Amino acid sequence: MELSQLEQMVRKLDEERKCDKAVIMALQERIEQQVNAIESQSAEIERLQRDIAELQDKGNNAACLGEKSILERLLITRDLVIHPVIDFEKQLGPASIDVRLGTLFLSERTTSLTQIDSLASSDQIEREMLKTVEKYVIDPTDAYVLHPNDFALACTFEYVKIPLDLVAELGGRSSWARKGLLIHATASGIAPGFEGLITFELSNISTLPIELYPMLRIGQLTFYNLDRETALGYGSKKLSKYQGDLEPAWTRLHKDPEWWIIKKQRELDQLGASRRSSRRTIAL
Amino acid sequence: MTNKQKCSQTDIVHNVKQAKLFLLFYLFETWEKLLQITAFVDSPEHRRKSRKQAIIKNYESALQSLARALESPADYYLALQGEKPFVYEEYVVNVISIRRVVHALLRIHRQLDLLAGEGKAESQITYDFVRKLTADTTRNPDNSWLPYVPSIALTGEYNFIEYDLLKILSNELELSGLAPLLPYGRDIVLALPKAEAENPLMWAILAHEVAHTMIAKYNILNEIVKRTDRYDEMSSQVREEYDLWAEEICADFIALRILGPSYYFSFASMAILLDPPQSDKTTHPSAVQRLGMMESIIKKHYPEWAIDRPLDYDSFSEESLIPMFLDSVDYKWALWTSEERLKNPQSNYFDGLAMDHPIVDKGLIFDVLDFVHVPTTYTVDQAPLSEIFAILSTGQPVSSWESPGFDKESFSEALSKASTADDIYRNLPSPEVPLTLSTILSSGWMLKVYHDYTELLELMKQMDSFSQTRESYAQIIHRRNRVLQTSLNRAFMMQMYWMWKEEVI
């Protein structure tokens, strides 16, 4: 073989080697990419598996909290607050904790007004409420007597703070129910993130008056896990009207925006009616 | 440095830090007073009575004008916080503007009878406070110095009034046979300013009034007199003043013993608004003297003496809050005496007031109180003040603290192992200990000075309108009062519950 041919062959082989080297490098890069992709995918799979396990775990725990969990949340993690618990021995149940009656009561004074117009202005409604609502502070040894068919608001002795992953439910105690005492008027749910004294809507459906003394255990709270922690706790949601209450609060229904819409609609209707009637007057 | 030494204007100008501190307390305390009176006038009870609308409107507009008058000192205070140099004349102008507002406010406060002149009884919450106060002061309820809880009258001042019913009746009717029919004969009434009826932090002053009842009951004044050297050699005029002062100082010391530093703070807060007396005939020692004496008591004797001494009291109160209050009241005194000297250079009255009282020098009252043995509270709590303050700052009431010896880790371990009902019951923590008045009120003062004042400063910096700031701060004060009232009420109820339960068992 001639020298020139050899040189050509060497050059060709060198080019081929360079090409092969480039291919090998590209392949190596691809392998590295694949390895990275596999690694990130396995990390993702692990994360998903953990999430699934957590969700399954939460799903399994999405039941009522038992006495151990209640104690754990109250005394160890302390994210659930019921303060003060005077007597755990008396108040703790298998899946609940009893709450006591506070010292403040609100009742309606029916002699002052026939009705409160929900479409009136907020200021006017609040002024009228002052005339209608009577406040009583009861001494520990005095009774508030709830007469048959009577209705009053009171609140818990305990300050309650519900964490964002729990929802609570207020229920009556069977012994009081047997006397005809209802402690809430269908509003038994206590939202995650709520804090304050819980309001009792008391009514007596029996035929005899019921004597209520402060500190009596008239209700109980049960707690349920949420499937995941809420970002919309009661305090952070718009229109939370009773957050942080330290006494029973009369309804703040008039603060709901729906009333404003109804009021505006009614004003428009009345305007339309008056225009129609003025047109009619002109026609006559 | 004594007040006498501080009286020169040069010293006042140089002590800028103290001047700013006084301005802060003076301005904020005035603001609080104004908002408390506004809240009283604006209370639902008054608003409900339409026949008082004219009076309410007048009060409202007067209070609004006074609030506007505080605008300029507030701006001045903010400017001083920044780069503005301290100019004595400007400073005095602003202090005088606040002083005018204070004078007007105190006058309005005394005239609130127009609104609440219907003989309304005290609220259950204030009554419970006095009940807890008397309970906290009595270790053994059977040995109480007072067989009943004093009534409270809402007036324009703090006072202690004792009615001898038998004497009143016999003067008029010669009813000597009536004595056996009257179970107590005397009735004790504590007077509380109307606008403070909702403010537990100022109820601490009632401890001083309650102390007067103890002084009478145990004849403490006689004991002091017995131990006073050369008392018989004093002229009747000096003796009269000595007796009056001795009783007041003694009442302060008893109040400190019952309520600890919270009484000191309440008194200092009141003293900041009141001007020094303008005559040399006084029934009380001056506010600055009383505070000075109390400070020395707290520093020297409080650790051994106090009924309940919060664990971290030293780090919280002694090193910061008490000197802050004393410095500002002291500065005010120096400012006023300096003014009086300019008006009347011949008078030596102000020098005389700066002297220490002999009763304190000789430690006479300590001896007497040890001799009489002022009853102490029956619950001693060891709650950490800083933690209670932290909880109160979140807006949550606190009425009890975990029982001593509760350990989270061992409880957690026991709980996880518990498998029977017996295990659960056996491992339940001991009941929490209800907090004493002293702890709740002391934490309340921390809340006011370290939390609320900071909030107010922030509000003043952020808000465009003064009325907006005022409204926001009124909400803060309202919330604080409610939180403290709820804490006191719950603590009292818990105390009663355990006492009754023990009696039943």
# chains A, B, ... in the order shown; residues from 1 in each chain; ligands from 1
call {"tool": "residues_around", "arguments": {"residues": "region 174-191 of chain A", "least_positions_apart": "6", "cutoff": "9 Å", "atoms": "only C-alpha atoms", "output": "compact mmCIF listing (two decimals) with N, CA and C atoms, in the first residue's frame"}}
result
# COMPACT_ATOMS: atom_id res chain seq x y z
N LEU A 146 -85.16 28.81 82.52
CA LEU A 146 -85.61 28.77 81.12
C LEU A 146 -87.01 28.16 81.12
N PRO A 148 -90.82 26.94 79.68
CA PRO A 148 -91.24 26.17 78.50
C PRO A 148 -91.41 27.08 77.28
N ILE A 162 -60.17 25.54 67.54
CA ILE A 162 -60.14 24.31 66.74
C ILE A 162 -59.01 24.40 65.72
N LEU A 164 -56.73 23.56 62.25
CA LEU A 164 -57.20 23.56 60.86
C LEU A 164 -57.45 22.17 60.28
N LEU A 166 -59.12 19.79 62.07
CA LEU A 166 -60.22 19.16 62.82
C LEU A 166 -61.50 19.96 62.62
N VAL A 167 -62.62 19.25 62.70
CA VAL A 167 -63.90 19.95 62.75
C VAL A 167 -64.60 19.43 64.01
N ALA A 168 -65.30 20.31 64.70
CA ALA A 168 -65.94 19.87 65.95
C ALA A 168 -67.45 19.92 65.83
N ILE A 198 -68.14 29.20 72.55
CA ILE A 198 -69.17 28.67 71.65
C ILE A 198 -70.54 29.08 72.18
N THR A 199 -71.38 29.58 71.28
CA THR A 199 -72.71 30.03 71.72
C THR A 199 -73.69 28.86 71.78
N PHE A 200 -74.43 28.80 72.89
CA PHE A 200 -75.53 27.84 73.02
C PHE A 200 -76.83 28.55 72.62
N GLU A 201 -77.63 27.90 71.78
CA GLU A 201 -78.97 28.43 71.51
C GLU A 201 -79.91 27.58 72.34
N LEU A 202 -80.26 28.06 73.52
CA LEU A 202 -80.99 27.23 74.49
C LEU A 202 -82.50 27.33 74.27
N SER A 203 -83.16 26.19 74.32
CA SER A 203 -84.63 26.25 74.34
C SER A 203 -85.16 25.09 75.17
N ASN A 204 -86.34 25.32 75.72
CA ASN A 204 -86.95 24.34 76.61
C ASN A 204 -88.20 23.80 75.94
N ILE A 205 -88.16 22.53 75.58
CA ILE A 205 -89.34 21.98 74.89
C ILE A 205 -90.20 21.15 75.84
N SER A 206 -89.89 21.18 77.14
CA SER A 206 -90.72 20.42 78.08
C SER A 206 -91.84 21.32 78.60
N THR A 207 -92.60 20.81 79.55
CA THR A 207 -93.70 21.63 80.08
C THR A 207 -93.34 22.27 81.42
N LEU A 208 -92.16 21.94 81.93
CA LEU A 208 -91.72 22.52 83.21
C LEU A 208 -90.51 23.42 83.00
N ILE A 210 -86.80 24.95 83.40
CA ILE A 210 -85.50 24.31 83.68
C ILE A 210 -84.58 25.34 84.32
N ILE A 218 -73.52 21.06 80.25
CA ILE A 218 -74.76 20.86 79.49
C ILE A 218 -74.50 20.38 78.06
N GLY A 219 -73.25 20.44 77.61
CA GLY A 219 -72.98 20.03 76.23
C GLY A 219 -71.72 19.21 76.12
N GLY A 233 -59.50 28.43 57.06
CA GLY A 233 -59.98 28.37 58.44
C GLY A 233 -61.06 29.43 58.68
N TYR A 234 -61.87 29.21 59.74
CA TYR A 234 -63.01 30.10 59.99
C TYR A 234 -62.56 31.57 60.10
call {"tool": "interface_residues", "arguments": {"of": "chain A", "to": "chain B", "cutoff": "7 Å", "atoms": "only C-alpha atoms", "output": "ChimeraX atom specification"}}
result
/A:68,76,84,86-87,89,130-131,137,246
call {"tool": "select_by_dssp", "arguments": {"residues": "region 217-260 of chain A", "states": "helix (DSSP H, G or I)", "output": "ChimeraX atom specification"}}
result
/A:253-255,257-260
call {"tool": "write_last_selection", "arguments": {"atoms": "N, CA and C atoms", "output": "PDB file, in the first residue's frame"}}
result
ATOM      1  N   LEU A 253     -76.936  38.127  61.362  1.00  0.00           N
ATOM      2  CA  LEU A 253     -77.453  37.726  60.054  1.00  0.00           C
ATOM      3  C   LEU A 253     -77.502  38.903  59.086  1.00  0.00           C
ATOM      4  N   HIS A 254     -77.817  40.092  59.651  1.00  0.00           N
ATOM      5  CA  HIS A 254     -77.960  41.267  58.784  1.00  0.00           C
ATOM      6  C   HIS A 254     -76.658  41.641  58.085  1.00  0.00           C
ATOM      7  N   LYS A 255     -75.538  41.013  58.509  1.00  0.00           N
ATOM      8  CA  LYS A 255     -74.260  41.327  57.846  1.00  0.00           C
ATOM      9  C   LYS A 255     -74.052  40.469  56.602  1.00  0.00           C
ATOM     10  N   PRO A 257     -74.287  39.408  52.864  1.00  0.00           N
ATOM     11  CA  PRO A 257     -74.452  40.291  51.707  1.00  0.00           C
ATOM     12  C   PRO A 257     -75.764  40.083  50.944  1.00  0.00           C
ATOM     13  N   GLU A 258     -76.386  38.912  51.136  1.00  0.00           N
ATOM     14  CA  GLU A 258     -77.625  38.635  50.414  1.00  0.00           C
ATOM     15  C   GLU A 258     -78.702  39.678  50.715  1.00  0.00           C
ATOM     16  N   TRP A 259     -78.719  40.163  51.965  1.00  0.00           N
ATOM     17  CA  TRP A 259     -79.734  41.161  52.342  1.00  0.00           C
ATOM     18  C   TRP A 259     -79.581  42.427  51.521  1.00  0.00           C
ATOM     19  N   TRP A 260     -78.322  42.771  51.276  1.00  0.00           N
ATOM     20  CA  TRP A 260     -78.032  43.988  50.529  1.00  0.00           C
ATOM     21  C   TRP A 260     -78.562  43.840  49.099  1.00  0.00           C
TER      22      TRP A 260
END
call {"tool": "closest_residue", "arguments": {"among": "A:Asp245, A:Glu16, A:Asp256, A:Glu211", "to": "Tyr144 (chain A)", "atoms": "only C-alpha atoms"}}
result
A:Glu211
call {"tool": "residues_around", "arguments": {"residues": "Glu108 (chain A)", "least_positions_apart": "5", "cutoff": "9 Å", "atoms": "only C-alpha atoms", "output": "list in words"}}
result
Met129, Thr132, Val133, Glu134, Lys135, Phe151 and Ala152 of chain A
